[in-house]
Amino acid sequence: MKRFIPIPVLFLGLVILAAFSGCADSVSTSDKIPPSVSVYSPLSDSTVTYGKTYISYDVSDDQGVGYIDMYAYRSGDNELLFGARFTVTGSTKPNVYFDLDSAKSVGKYIYYFLIVVDKGGNQKYSDTLKNIYVAKTLTPPPAPYNLTITRLLNSRTLNISWSDSAKYVSQYSLERRIGSTGAFFVIQTLSGGYFNTNDSSVDTTVTYYYRIRSRNEKGYSEYSNEANSSGTGGSGSLPAPTNLVVYALGATSDSLVWKNNAVGNFIRVERRADGYDSFTSLANLSPTSTYYVDATGLSAQGKYYYRVKVISGNDSSWSKEAVITMLPYDLPAPTSLKATVSTDTVSKKKFVHLSWKSSSNQFEYTEVERSTTTALNFSVIGQYDGYNISKSYSFDDTTATTGSMYYYRVRTKNDSDGVKSPYSDVVTATIPSSKTRTVPDKK
């Protein structure tokens, strides 16, 4: 896809004509009929959000369409916000879109149009769609969730935490009631970006119920689940978990391990993103858990902090924080791994031939591993370097001996970026023993 440099709108028509003249492949020198184009959305006087917006349209031409250029401008100063060329392959229409930067477009009006060029070089402008407002969001936020109550070291202070998948939250409203019936009342309002708060000086003989909702420029969300203070414990004298470490599993998942120094009712895991002060509760695990996989809401190359604690009648303090920066991308596992026994045409020696496929082109090499036991104690026996266009790969294990069953698996790696794929499925192969003929003695 080709992006275009902004140009003054006064000269746009002349420049486009000059730039595109003669670029299309000629199908018929007598073709003078321009293509047709209709745009269905977004229409004039509508609202879109910043980021990527796909355009619903139709194009046709008797000789075939070559490509579609689209331009989106900011109204008022006519600054080009996005320009791109979308090539047509066969009869398939490309997905045409504009991608707006929030700093330049939110709260502003834009206009856009398409230019369709057929294979004979004829071009057709769509209507110009005008007065389109760019907003951060079009709907109220979804409800916060996983509202959780924890009694802090001071038994008269309750910590209220929650999770939220919504963007652009401007405010949270925390409500409380005393007992299981009656009306809720707002006790705190907090800015967006907070995911926990304290309710101090509560009566330890009373059960409090809480709920929370969020707000953005379009209105309030639904309420979260209700949570209450019953059974949240007290003094907080248990030792905290130690040795917390986090490992990247890919671009959007990681795993945590730690050591428990006490057994309570459950283990709580919390996370915060870099740039935020507040932690979000991720999970409440069994009291002996020492492992957790986080695969929710993580972004490639994002930086995250984690902590864990023991929750019981005597809550522990939080562990030391562990931090990780996620990998830049995921490598998919190789597929269709097969192992077959083959024979060298010259030496007549048998060997195991492995073949597999990979859908990615971002790896530097494929690592081949083998095990000789059912315990699957794998070790590396070789590698296939680089990427090939056919996406089919192979490796010959010439060190395999007759009579033994071998287990094989492969995975791809990019050491430059520190990325590795999951393993393929495990396959097996056995080189059969040769039968020896016995020649009887002559008598």
# chains A, B, ... in the order shown; residues from 1 in each chain; ligands from 1
call {"tool": "residues_around", "arguments": {"residues": "Val88 (chain A)", "least_positions_apart": "6", "cutoff": "10 Å", "atoms": "only C-alpha atoms", "output": "ChimeraX atom specification"}}
result
/A:64-68,94-95,117-119
call {"tool": "write_last_selection", "arguments": {"atoms": "C-alpha atoms", "output": "short mmCIF file (atom, residue, chain, number, x, y, z; two decimals), in the first residue's frame"}}
result
data_model
loop_
_atom_site.label_atom_id
_atom_site.label_comp_id
_atom_site.auth_asym_id
_atom_site.auth_seq_id
_atom_site.Cartn_x
_atom_site.Cartn_y
_atom_site.Cartn_z
CA GLY A 64 -11.66 -4.28 -15.13
CA VAL A 65 -10.61 -1.97 -12.29
CA GLY A 66 -6.88 -1.46 -11.72
CA TYR A 67 -6.69 0.39 -8.39
CA ILE A 68 -8.53 2.71 -6.03
CA PRO A 94 -9.99 -4.55 -1.82
CA ASN A 95 -10.87 -3.43 1.70
CA VAL A 117 -8.81 3.93 -12.19
CA ASP A 118 -9.61 1.13 -14.64
CA LYS A 119 -7.09 -1.01 -16.52
#
call {"tool": "residues_around", "arguments": {"residues": "Thr374 (chain A)", "least_positions_apart": "6", "cutoff": "12 Å", "atoms": "only C-alpha atoms", "output": "list in words"}}
result
Ser404, Met405, Tyr406, Tyr407, Tyr408, Val426, Val427 and Thr428 of chain A
call {"tool": "write_last_selection", "arguments": {"atoms": "C-alpha atoms", "output": "compact mmCIF listing (two decimals), in the first residue's frame"}}
result
# COMPACT_ATOMS: atom_id res chain seq x y z
CA SER A 404 14.45 -47.67 18.27
CA MET A 405 11.39 -45.46 18.34
CA TYR A 406 12.14 -41.74 18.04
CA TYR A 407 9.94 -38.78 18.96
CA TYR A 408 10.24 -35.52 17.02
CA VAL A 426 4.95 -34.68 18.33
CA VAL A 427 5.41 -37.45 15.74
CA THR A 428 7.22 -40.79 15.94
call {"tool": "select_by_dssp", "arguments": {"residues": "region 53-144 of chain A", "states": "strand (DSSP E)", "output": "PyMOL selection string"}}
result
chain A and resi 53-54+56-60+65-74+80-87+97-100+109-118+123-125+129-135
call {"tool": "closest_residue", "arguments": {"among": "A:Asn146, A:Ser255, A:Asn122, A:Ser180", "to": "Asp294 (chain A)", "atoms": "only C-alpha atoms"}}
result
A:Ser255
call {"tool": "atom_distance", "arguments": {"atom1": "CA of Tyr125 (chain A)", "atom2": "CA of Gln63 (chain A)"}}
result
17.4 Å
